[in-house]
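final_21.csv follows; it contains CSV, C-alpha atoms.
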```csv
chain,number,residue,atom,x,y,z
N,1387,SER,CA,0.0,0.0,0.0
N,1388,GLY,CA,1.0,3.6,-0.2
N,1389,LEU,CA,0.9,6.1,-3.1
N,1390,PHE,CA,1.0,3.2,-5.5
N,1391,VAL,CA,-1.4,0.3,-4.7
N,1392,SER,CA,-1.7,-2.8,-6.8
N,1393,PRO,CA,-5.3,-4.1,-7.0
N,1394,ARG,CA,-5.9,-7.5,-5.5
N,1395,GLU,CA,-8.8,-9.6,-4.5
N,1396,GLY,CA,-10.3,-8.7,-1.2
N,1397,LEU,CA,-8.4,-5.4,-0.9
N,1398,TYR,CA,-11.5,-3.5,0.3
N,1399,GLU,CA,-13.4,-6.3,2.1
N,1400,MET,CA,-13.7,-5.2,5.7
N,1401,PRO,CA,-14.6,-8.0,8.1
N,1402,ASN,CA,-17.3,-6.3,10.2
N,1403,ASP,CA,-20.3,-4.5,8.9
N,1404,HIS,CA,-20.0,-1.8,11.6
N,1405,LEU,CA,-16.7,-0.7,10.1
N,1406,PHE,CA,-18.6,0.8,7.1
N,1407,ALA,CA,-20.4,3.2,9.5
N,1408,ASN,CA,-17.2,4.2,11.1
N,1409,VAL,CA,-15.6,4.8,7.8
N,1410,ALA,CA,-18.5,6.9,6.6
N,1411,TRP,CA,-18.5,9.0,9.7
N,1412,MET,CA,-14.7,9.6,9.6
N,1413,ILE,CA,-14.9,10.6,6.0
N,1414,THR,CA,-17.5,13.2,6.9
N,1415,ALA,CA,-15.5,14.4,9.9
N,1416,THR,CA,-12.4,14.7,7.6
N,1417,ILE,CA,-14.3,16.9,5.2
N,1418,PHE,CA,-15.5,19.1,8.0
N,1419,VAL,CA,-12.0,19.6,9.3
N,1420,LEU,CA,-10.8,20.4,5.8
N,1421,MET,CA,-13.5,23.1,5.5
N,1422,MET,CA,-12.1,24.9,8.5
N,1423,THR,CA,-9.0,26.0,6.6
N,1424,PRO,CA,-10.9,27.9,3.9
N,1425,GLY,CA,-13.2,29.2,6.6
N,1426,LEU,CA,-10.1,30.5,8.5
N,1427,SER,CA,-8.9,32.1,5.3
N,1428,PHE,CA,-12.1,34.1,4.9
N,1429,PHE,CA,-12.1,34.9,8.6
N,1430,TYR,CA,-8.6,36.4,8.7
N,1431,GLY,CA,-8.8,37.9,5.1
N,1432,GLY,CA,-11.8,39.9,6.0
N,1433,MET,CA,-10.2,41.5,9.0
N,1434,VAL,CA,-7.1,42.9,7.4
N,1435,ARG,CA,-6.7,46.0,5.2
N,1436,ALA,CA,-7.9,45.8,1.6
N,1437,LYS,CA,-4.4,45.7,0.1
N,1438,ASN,CA,-3.5,42.6,2.2
N,1439,VAL,CA,-6.7,40.5,1.7
N,1440,ILE,CA,-5.3,38.2,-1.0
N,1441,SER,CA,-2.0,37.5,0.6
N,1442,THR,CA,-3.6,36.9,4.0
N,1443,MET,CA,-6.1,34.4,2.5
N,1444,LEU,CA,-3.4,32.7,0.5
N,1445,GLN,CA,-1.4,32.1,3.7
N,1446,SER,CA,-4.1,29.7,4.8
N,1447,PHE,CA,-4.7,28.1,1.3
N,1448,ILE,CA,-1.0,27.6,0.5
N,1449,VAL,CA,-0.6,25.5,3.7
N,1450,MET,CA,-3.0,22.9,2.3
N,1451,GLY,CA,-0.6,22.2,-0.5
N,1452,PHE,CA,2.7,22.4,1.4
N,1453,ILE,CA,1.7,20.5,4.5
N,1454,SER,CA,-0.1,17.8,2.5
N,1455,VAL,CA,3.1,17.0,0.6
N,1456,ILE,CA,5.2,17.0,3.8
N,1457,TRP,CA,2.6,14.8,5.5
N,1458,VAL,CA,2.7,12.2,2.7
N,1459,LEU,CA,6.4,12.2,2.4
N,1460,PHE,CA,7.5,11.9,6.0
N,1461,GLY,CA,5.2,13.9,8.3
N,1462,PHE,CA,2.8,11.1,9.1
N,1463,GLY,CA,5.8,8.9,10.0
N,1464,LEU,CA,7.2,11.6,12.3
N,1465,ALA,CA,3.9,11.9,14.1
N,1466,PHE,CA,2.6,8.3,14.1
N,1467,GLY,CA,5.5,6.1,13.1
N,1468,ASN,CA,6.9,3.5,15.5
N,1469,ASP,CA,8.1,5.3,18.6
N,1470,ILE,CA,11.6,6.7,19.1
N,1471,GLY,CA,12.3,7.8,22.7
N,1472,HIS,CA,8.6,8.6,23.3
N,1473,ILE,CA,9.1,11.9,21.6
N,1474,ILE,CA,9.0,11.3,17.9
N,1475,GLY,CA,8.1,8.7,15.4
N,1476,ASN,CA,10.3,7.0,12.8
N,1477,PRO,CA,9.9,9.0,9.6
N,1478,LEU,CA,10.9,6.0,7.5
N,1479,ASP,CA,8.0,3.9,8.7
N,1480,PHE,CA,5.4,5.6,6.4
N,1481,LEU,CA,7.7,7.2,3.9
N,1482,MET,CA,5.6,8.2,0.8
N,1483,PHE,CA,2.6,6.6,2.7
N,1484,ASP,CA,4.2,3.2,2.4
N,1485,GLY,CA,2.2,0.8,4.6
N,1486,VAL,CA,-0.7,3.3,4.9
N,1487,GLY,CA,-3.7,1.3,3.6
N,1488,MET,CA,-6.4,-1.0,5.0
N,1489,ASP,CA,-4.3,-3.9,6.3
N,1490,ASN,CA,-5.0,-2.9,9.9
N,1491,VAL,CA,-8.7,-3.8,9.4
N,1492,VAL,CA,-8.6,-6.3,6.5
N,1493,ASN,CA,-5.6,-8.5,7.2
N,1494,ARG,CA,-4.9,-8.0,10.9
N,1495,GLN,CA,-3.6,-11.5,11.3
N,1496,GLU,CA,-1.4,-11.5,8.2
N,1497,SER,CA,0.4,-8.2,8.4
N,1498,ALA,CA,3.2,-7.0,10.5
N,1499,LEU,CA,1.3,-3.9,11.7
N,1500,SER,CA,2.9,-0.7,13.0
N,1501,GLU,CA,2.2,0.4,16.6
N,1502,ILE,CA,-0.4,2.9,15.4
N,1503,GLY,CA,-1.9,0.3,13.1
N,1504,ILE,CA,-2.4,-2.0,16.0
N,1505,ALA,CA,-4.0,0.9,18.0
N,1506,THR,CA,-6.2,1.9,15.1
N,1507,THR,CA,-8.7,-1.0,14.9
N,1508,THR,CA,-12.0,0.5,13.7
N,1509,ILE,CA,-11.0,2.5,10.6
N,1510,PRO,CA,-8.4,2.0,7.9
N,1511,LEU,CA,-5.0,3.5,8.6
N,1512,ALA,CA,-5.2,5.4,5.3
N,1513,LEU,CA,-8.4,7.2,6.5
N,1514,PHE,CA,-6.8,7.9,9.9
N,1515,ALA,CA,-3.7,9.4,8.1
N,1516,LEU,CA,-5.9,11.7,6.0
N,1517,PHE,CA,-8.0,12.7,9.0
N,1518,GLN,CA,-4.9,13.6,10.9
N,1519,MET,CA,-3.5,15.5,7.9
N,1520,LYS,CA,-6.4,17.9,8.1
N,1521,PHE,CA,-5.4,18.9,11.6
N,1522,ALA,CA,-1.8,19.3,10.5
N,1523,ILE,CA,-3.1,21.7,7.9
N,1524,ILE,CA,-5.4,23.8,10.1
N,1525,THR,CA,-3.0,24.1,13.1
N,1526,PRO,CA,-0.3,26.3,11.4
N,1527,SER,CA,-3.0,28.3,9.6
N,1528,LEU,CA,-4.3,29.3,13.0
N,1529,ILE,CA,-1.0,31.0,13.8
N,1530,THR,CA,-1.3,33.4,10.8
N,1531,GLY,CA,-3.7,35.8,12.6
N,1532,SER,CA,-0.9,37.0,14.9
N,1533,PHE,CA,1.4,38.2,12.2
N,1534,ALA,CA,-1.1,39.0,9.4
N,1535,GLU,CA,0.3,41.8,7.1
N,1536,ARG,CA,3.6,41.7,8.9
N,1537,VAL,CA,5.8,39.0,7.3
N,1538,ARG,CA,7.1,38.2,3.9
N,1539,PHE,CA,5.3,35.3,2.1
N,1540,SER,CA,8.6,33.4,1.6
N,1541,GLY,CA,9.5,33.7,5.3
N,1542,TYR,CA,6.1,32.6,6.3
N,1543,LEU,CA,6.3,29.4,4.2
N,1544,LEU,CA,9.7,28.5,5.7
N,1545,PHE,CA,8.4,29.1,9.2
N,1546,MET,CA,5.3,26.9,8.6
N,1547,VAL,CA,7.4,24.0,7.2
N,1548,LEU,CA,9.8,24.2,10.1
N,1549,TRP,CA,7.1,24.6,12.7
N,1550,VAL,CA,5.1,21.6,11.5
N,1551,VAL,CA,8.2,19.4,11.4
N,1552,LEU,CA,9.9,20.5,14.6
N,1553,VAL,CA,6.8,21.3,16.8
N,1554,TYR,CA,3.6,19.9,15.5
N,1555,CYS,CA,4.7,16.4,14.6
N,1556,PRO,CA,6.6,15.7,17.9
N,1557,LEU,CA,3.7,17.1,19.9
N,1558,ALA,CA,1.2,15.0,18.0
N,1559,HIS,CA,3.4,11.9,18.6
N,1560,CYS,CA,3.8,12.6,22.3
N,1561,THR,CA,0.0,13.1,22.8
N,1562,TRP,CA,-1.8,10.8,20.3
N,1563,HIS,CA,0.6,7.9,19.8
N,1564,PRO,CA,0.1,5.0,22.2
N,1565,GLU,CA,3.8,5.1,23.1
N,1566,GLY,CA,4.1,8.9,23.2
N,1567,LEU,CA,5.3,10.6,26.3
N,1568,PHE,CA,2.0,12.4,27.2
N,1569,GLY,CA,0.0,9.3,26.3
N,1570,MET,CA,2.0,7.2,28.7
N,1571,LEU,CA,1.3,9.8,31.4
N,1572,ASP,CA,-2.5,9.3,30.8
N,1573,VAL,CA,-2.9,12.7,29.1
N,1574,HIS,CA,-6.0,12.5,26.9
N,1575,ASP,CA,-6.5,15.1,24.2
N,1576,TYR,CA,-9.8,14.1,22.6
N,1577,ALA,CA,-10.3,17.1,20.4
N,1578,GLY,CA,-7.0,18.8,19.8
N,1579,GLY,CA,-7.0,21.1,22.8
N,1580,ILE,CA,-3.3,20.5,23.3
N,1581,VAL,CA,-1.9,19.6,19.9
N,1582,VAL,CA,-3.9,22.0,17.8
N,1583,HIS,CA,-5.1,25.0,19.8
N,1584,ALA,CA,-2.7,25.3,22.7
N,1585,ALA,CA,0.2,24.8,20.4
N,1586,SER,CA,-1.0,27.3,17.8
N,1587,GLY,CA,-1.9,29.7,20.5
N,1588,VAL,CA,1.5,29.7,22.1
N,1589,ALA,CA,3.2,29.9,18.7
N,1590,ALA,CA,1.0,32.9,17.8
N,1591,LEU,CA,1.7,34.6,21.1
N,1592,ALA,CA,5.4,34.1,20.6
N,1593,GLY,CA,5.2,35.5,17.1
N,1594,ALA,CA,3.3,38.6,18.2
N,1595,ILE,CA,5.8,39.2,21.0
N,1596,PHE,CA,8.8,38.7,18.6
N,1597,LEU,CA,7.4,41.2,16.0
N,1598,GLY,CA,6.4,43.8,18.6
N,1599,LYS,CA,3.6,46.3,18.5
N,1600,ARG,CA,2.0,47.2,15.2
N,1601,THR,CA,2.5,50.7,13.9
N,1602,SER,CA,-0.6,52.9,14.0
N,1603,SER,CA,-2.2,54.2,10.9
N,1604,ASP,CA,-5.5,55.7,9.9
N,1605,ASP,CA,-6.8,52.6,8.1
N,1606,ALA,CA,-5.2,50.0,10.4
N,1607,ALA,CA,-8.4,49.2,12.3
N,1608,LYS,CA,-10.7,49.1,9.3
N,1609,PRO,CA,-11.6,45.6,8.2
N,1610,ALA,CA,-11.6,45.1,4.5
N,1611,ASN,CA,-14.7,42.9,4.2
N,1612,VAL,CA,-16.9,42.2,7.2
N,1613,PRO,CA,-19.1,39.6,5.2
N,1614,PHE,CA,-15.9,37.6,4.7
N,1615,VAL,CA,-15.4,37.6,8.5
N,1616,LEU,CA,-19.0,36.4,9.0
N,1617,LEU,CA,-18.6,33.7,6.3
N,1618,GLY,CA,-15.4,32.4,7.8
N,1619,ALA,CA,-16.9,32.4,11.3
N,1620,ALA,CA,-19.9,30.4,10.0
N,1621,MET,CA,-17.6,27.8,8.4
N,1622,LEU,CA,-15.6,27.4,11.6
N,1623,TRP,CA,-18.7,27.2,13.7
N,1624,LEU,CA,-20.1,24.5,11.4
N,1625,TRP,CA,-17.4,22.2,12.7
N,1626,ILE,CA,-18.1,23.1,16.3
N,1627,GLN,CA,-21.8,22.5,15.9
N,1628,ARG,CA,-21.0,19.1,14.4
N,1629,TRP,CA,-18.9,18.3,17.4
N,1630,GLN,CA,-21.7,19.4,19.8
N,1631,PHE,CA,-24.2,17.1,17.9
N,1632,ALA,CA,-21.7,14.2,18.2
N,1633,CYS,CA,-21.4,14.9,21.9
N,1634,ARG,CA,-25.2,14.7,22.4
N,1635,ARG,CA,-25.1,11.3,20.6
N,1636,TRP,CA,-22.0,9.9,22.4
N,1637,GLY,CA,-22.7,10.7,26.0
N,1638,SER,CA,-20.6,11.8,29.0
N,1639,CYS,CA,-17.2,10.8,27.6
N,1640,ALA,CA,-17.8,12.9,24.5
N,1641,ARG,CA,-19.1,15.8,26.6
N,1642,LEU,CA,-15.7,15.8,28.3
N,1643,SER,CA,-14.2,15.9,24.8
N,1644,GLN,CA,-16.5,18.8,23.9
N,1645,HIS,CA,-15.4,20.7,27.0
N,1646,GLN,CA,-11.7,20.2,26.1
N,1647,TYR,CA,-12.3,21.2,22.5
N,1648,SER,CA,-14.0,24.5,23.6
N,1649,CYS,CA,-11.2,25.3,26.1
N,1650,GLY,CA,-8.6,24.5,23.4
N,1651,TYR,CA,-10.4,26.7,20.9
N,1652,GLY,CA,-10.4,29.6,23.3
N,1653,ASP,CA,-6.7,29.2,24.0
N,1654,GLY,CA,-5.9,29.3,20.4
N,1655,ASP,CA,-8.0,32.4,19.8
N,1656,LEU,CA,-6.5,34.2,22.8
N,1657,GLY,CA,-3.0,33.4,21.5
N,1658,GLY,CA,-3.9,34.6,18.0
N,1659,PHE,CA,-5.4,37.9,19.2
```
Hey, can you dump this file as structure tokens for me?
Amino acid sequence: SGLFVSPREGLYEMPNDHLFANVAWMITATIFVLMMTPGLSFFYGGMVRAKNVISTMLQSFIVMGFISVIWVLFGFGLAFGNDIGHIIGNPLDFLMFDGVGMDNVVNRQESALSEIGIATTTIPLALFALFQMKFAIITPSLITGSFAERVRFSGYLLFMVLWVVLVYCPLAHCTWHPEGLFGMLDVHDYAGGIVVHAASGVAALAGAIFLGKRTSSDDAAKPANVPFVLLGAAMLWLWIQRWQFACRRWGSCARLSQHQYSCGYGDGDLGGF
């Protein structure tokens, strides 16, 4: 499996009927998470000055391309490859998505599964990797609000790549991998409060402190397009409302997850502003 898959009999035959429902739900959730990045693009783009709308919106969109390539090449391995020192995963485990397929649910008795493959038992590892990739995309995009209009585009791209490789992937491994440091300490991040929102909030705060105060100008406080802000906010809230609906369906454990998500979202917003 990987980027190049050879068709074979029984490749997509999952053993339990309930797995199809899990797959359908996770595909839906993956789409919702992906929609948050364009939503964030509209949200930030509407709040800056008119001359910076396009560049600010592109800061969010360009991440989808760059981070997707990094994630497929070696990012997924860094975050969810077999454990190295409880801090980082082996980037060679899933190089070019090698070994990322459906074996963890189709041929569990026949395959030499990775540590994350053994832990991921109800959805294909390929779907899990794509779902996690959407969070790797949205997390650096959250940081852009703290230095909108203030950095060169080339410098921004370099920062995003380095931040994902050196900060996001190790933190995701520590928190979400079964052998990660935080996971072994019984730290449970159900909805990205630590990996996504706290991490992006701290990075945004650090960036704002590093750049210093903004220079005042007559049009600095005038948003370019308020409807863009409302459209972006609506797209972001669509994900939150979906999460609240899921919590009502899943019970008390999911309500704990909802609470953590809400707190994490607040932390990220505070850091960004």
Shortest interatomic distance to Leu1616 of chain N - which of N:Phe1406, N:Phe1460, N:Phe1428, N:Trp1411, counting all atoms listed in the file =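 Closest to Leu1616 of chain N, using all atoms listed in the file: N:Phe1428.
Atom CA of Pro1510 of chain N lies 19.9 Å from atom CA of Asp1469 of chain N.
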Selection: 10 Å around segment 1433-1447 of chain N, all atoms listed in the file, excl. self and same-chain fewer than 4 positions, as an MDAnalysis selection string | chainID N and resid 1423:1429 1451:1452 1523:1524 1526:1531 1533:1536 1538:1539 1542:1543 1546 1605:1615
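Using all atoms listed in the file, the smallest distance between any of N:Ser1500, N:Thr1414, N:Thr1561, N:Asn1468 and Gly1487 of chain N comes from N:Ser1500.
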Mind pulling up the distance from atom CA of Leu1548 of chain N to atom CA of Met1621 of chain N?
-> 27.7 Å
What is the atom CA of Asp1575 of chain N-atom CA of Asn1490 of chain N distance in Å, reported with one decimal?
->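 Separation between atom CA of Asp1575 of chain N and atom CA of Asn1490 of chain N: 23.0 Å.
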When you look at Met1412 of chain N with a cut-off of 8 Å (counting only C-alpha atoms), what residues show up, excluding the ones that are within fewer than 4 positions of it in the same chain? I need them as a PDB file with C-alpha atoms, in the frame of the given file.
```
ATOM      1  CA  ASN N1408     -17.200   4.200  11.100  1.00  0.00           C
ATOM      2  CA  THR N1416     -12.400  14.700   7.600  1.00  0.00           C
ATOM      3  CA  LEU N1513      -8.400   7.200   6.500  1.00  0.00           C
ATOM      4  CA  PHE N1517      -8.000  12.700   9.000  1.00  0.00           C
TER       5      PHE N1517
END
```
Counting all atoms listed in the file, the option among N:Gly1432, N:Gly1485, N:Gly1578, N:Gly1471 closest to Val1458 of chain N |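 Of N:Gly1432, N:Gly1485, N:Gly1578, N:Gly1471, the one nearest Val1458 of chain N, counting all atoms listed in the file, is N:Gly1485.
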Residue with smallest distance to Leu1552 of chain N - pool N:Gly1461, N:Gly1431, N:Gly1598, N:Gly1566, counting only C-alpha atoms = N:Gly1461
Residues within 10 Å of Gln1518 of chain N, all atoms listed in the file, excluding chain neighbours under 2 positions, as a ChimeraX atom specification = /N:1416,1419,1457,1462,1465-1466,1512-1516,1520-1523,1558
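Remark: for Met1570 of chain N, the closest of the candidate residues N:Val1449, N:Ile1473, N:Ala1410, N:Gly1541 is N:Ile1473 (distances computed over all atoms listed in the file).
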So that I can check the surroundings of Ile1470 of chain N, please list as a PDB file with C-alpha atoms, keeping the file's coordinate frame every protein, DNA and RNA residue that reaches within 12 Å of it, counting only C-alpha atoms and ignoring chain neighbours fewer than 2 positions away.
```pdb
ATOM      1  CA  GLY N1463       5.800   8.900  10.000  1.00  0.00           C
ATOM      2  CA  LEU N1464       7.200  11.600  12.300  1.00  0.00           C
ATOM      3  CA  ALA N1465       3.900  11.900  14.100  1.00  0.00           C
ATOM      4  CA  PHE N1466       2.600   8.300  14.100  1.00  0.00           C
ATOM      5  CA  GLY N1467       5.500   6.100  13.100  1.00  0.00           C
ATOM      6  CA  ASN N1468       6.900   3.500  15.500  1.00  0.00           C
ATOM      7  CA  HIS N1472       8.600   8.600  23.300  1.00  0.00           C
ATOM      8  CA  ILE N1473       9.100  11.900  21.600  1.00  0.00           C
ATOM      9  CA  ILE N1474       9.000  11.300  17.900  1.00  0.00           C
ATOM     10  CA  GLY N1475       8.100   8.700  15.400  1.00  0.00           C
ATOM     11  CA  ASN N1476      10.300   7.000  12.800  1.00  0.00           C
ATOM     12  CA  PRO N1477       9.900   9.000   9.600  1.00  0.00           C
ATOM     13  CA  LEU N1478      10.900   6.000   7.500  1.00  0.00           C
ATOM     14  CA  ASP N1479       8.000   3.900   8.700  1.00  0.00           C
ATOM     15  CA  GLU N1501       2.200   0.400  16.600  1.00  0.00           C
ATOM     16  CA  PRO N1556       6.600  15.700  17.900  1.00  0.00           C
ATOM     17  CA  HIS N1559       3.400  11.900  18.600  1.00  0.00           C
ATOM     18  CA  CYS N1560       3.800  12.600  22.300  1.00  0.00           C
ATOM     19  CA  HIS N1563       0.600   7.900  19.800  1.00  0.00           C
ATOM     20  CA  GLU N1565       3.800   5.100  23.100  1.00  0.00           C
ATOM     21  CA  GLY N1566       4.100   8.900  23.200  1.00  0.00           C
ATOM     22  CA  LEU N1567       5.300  10.600  26.300  1.00  0.00           C
TER      23      LEU N1567
END
```
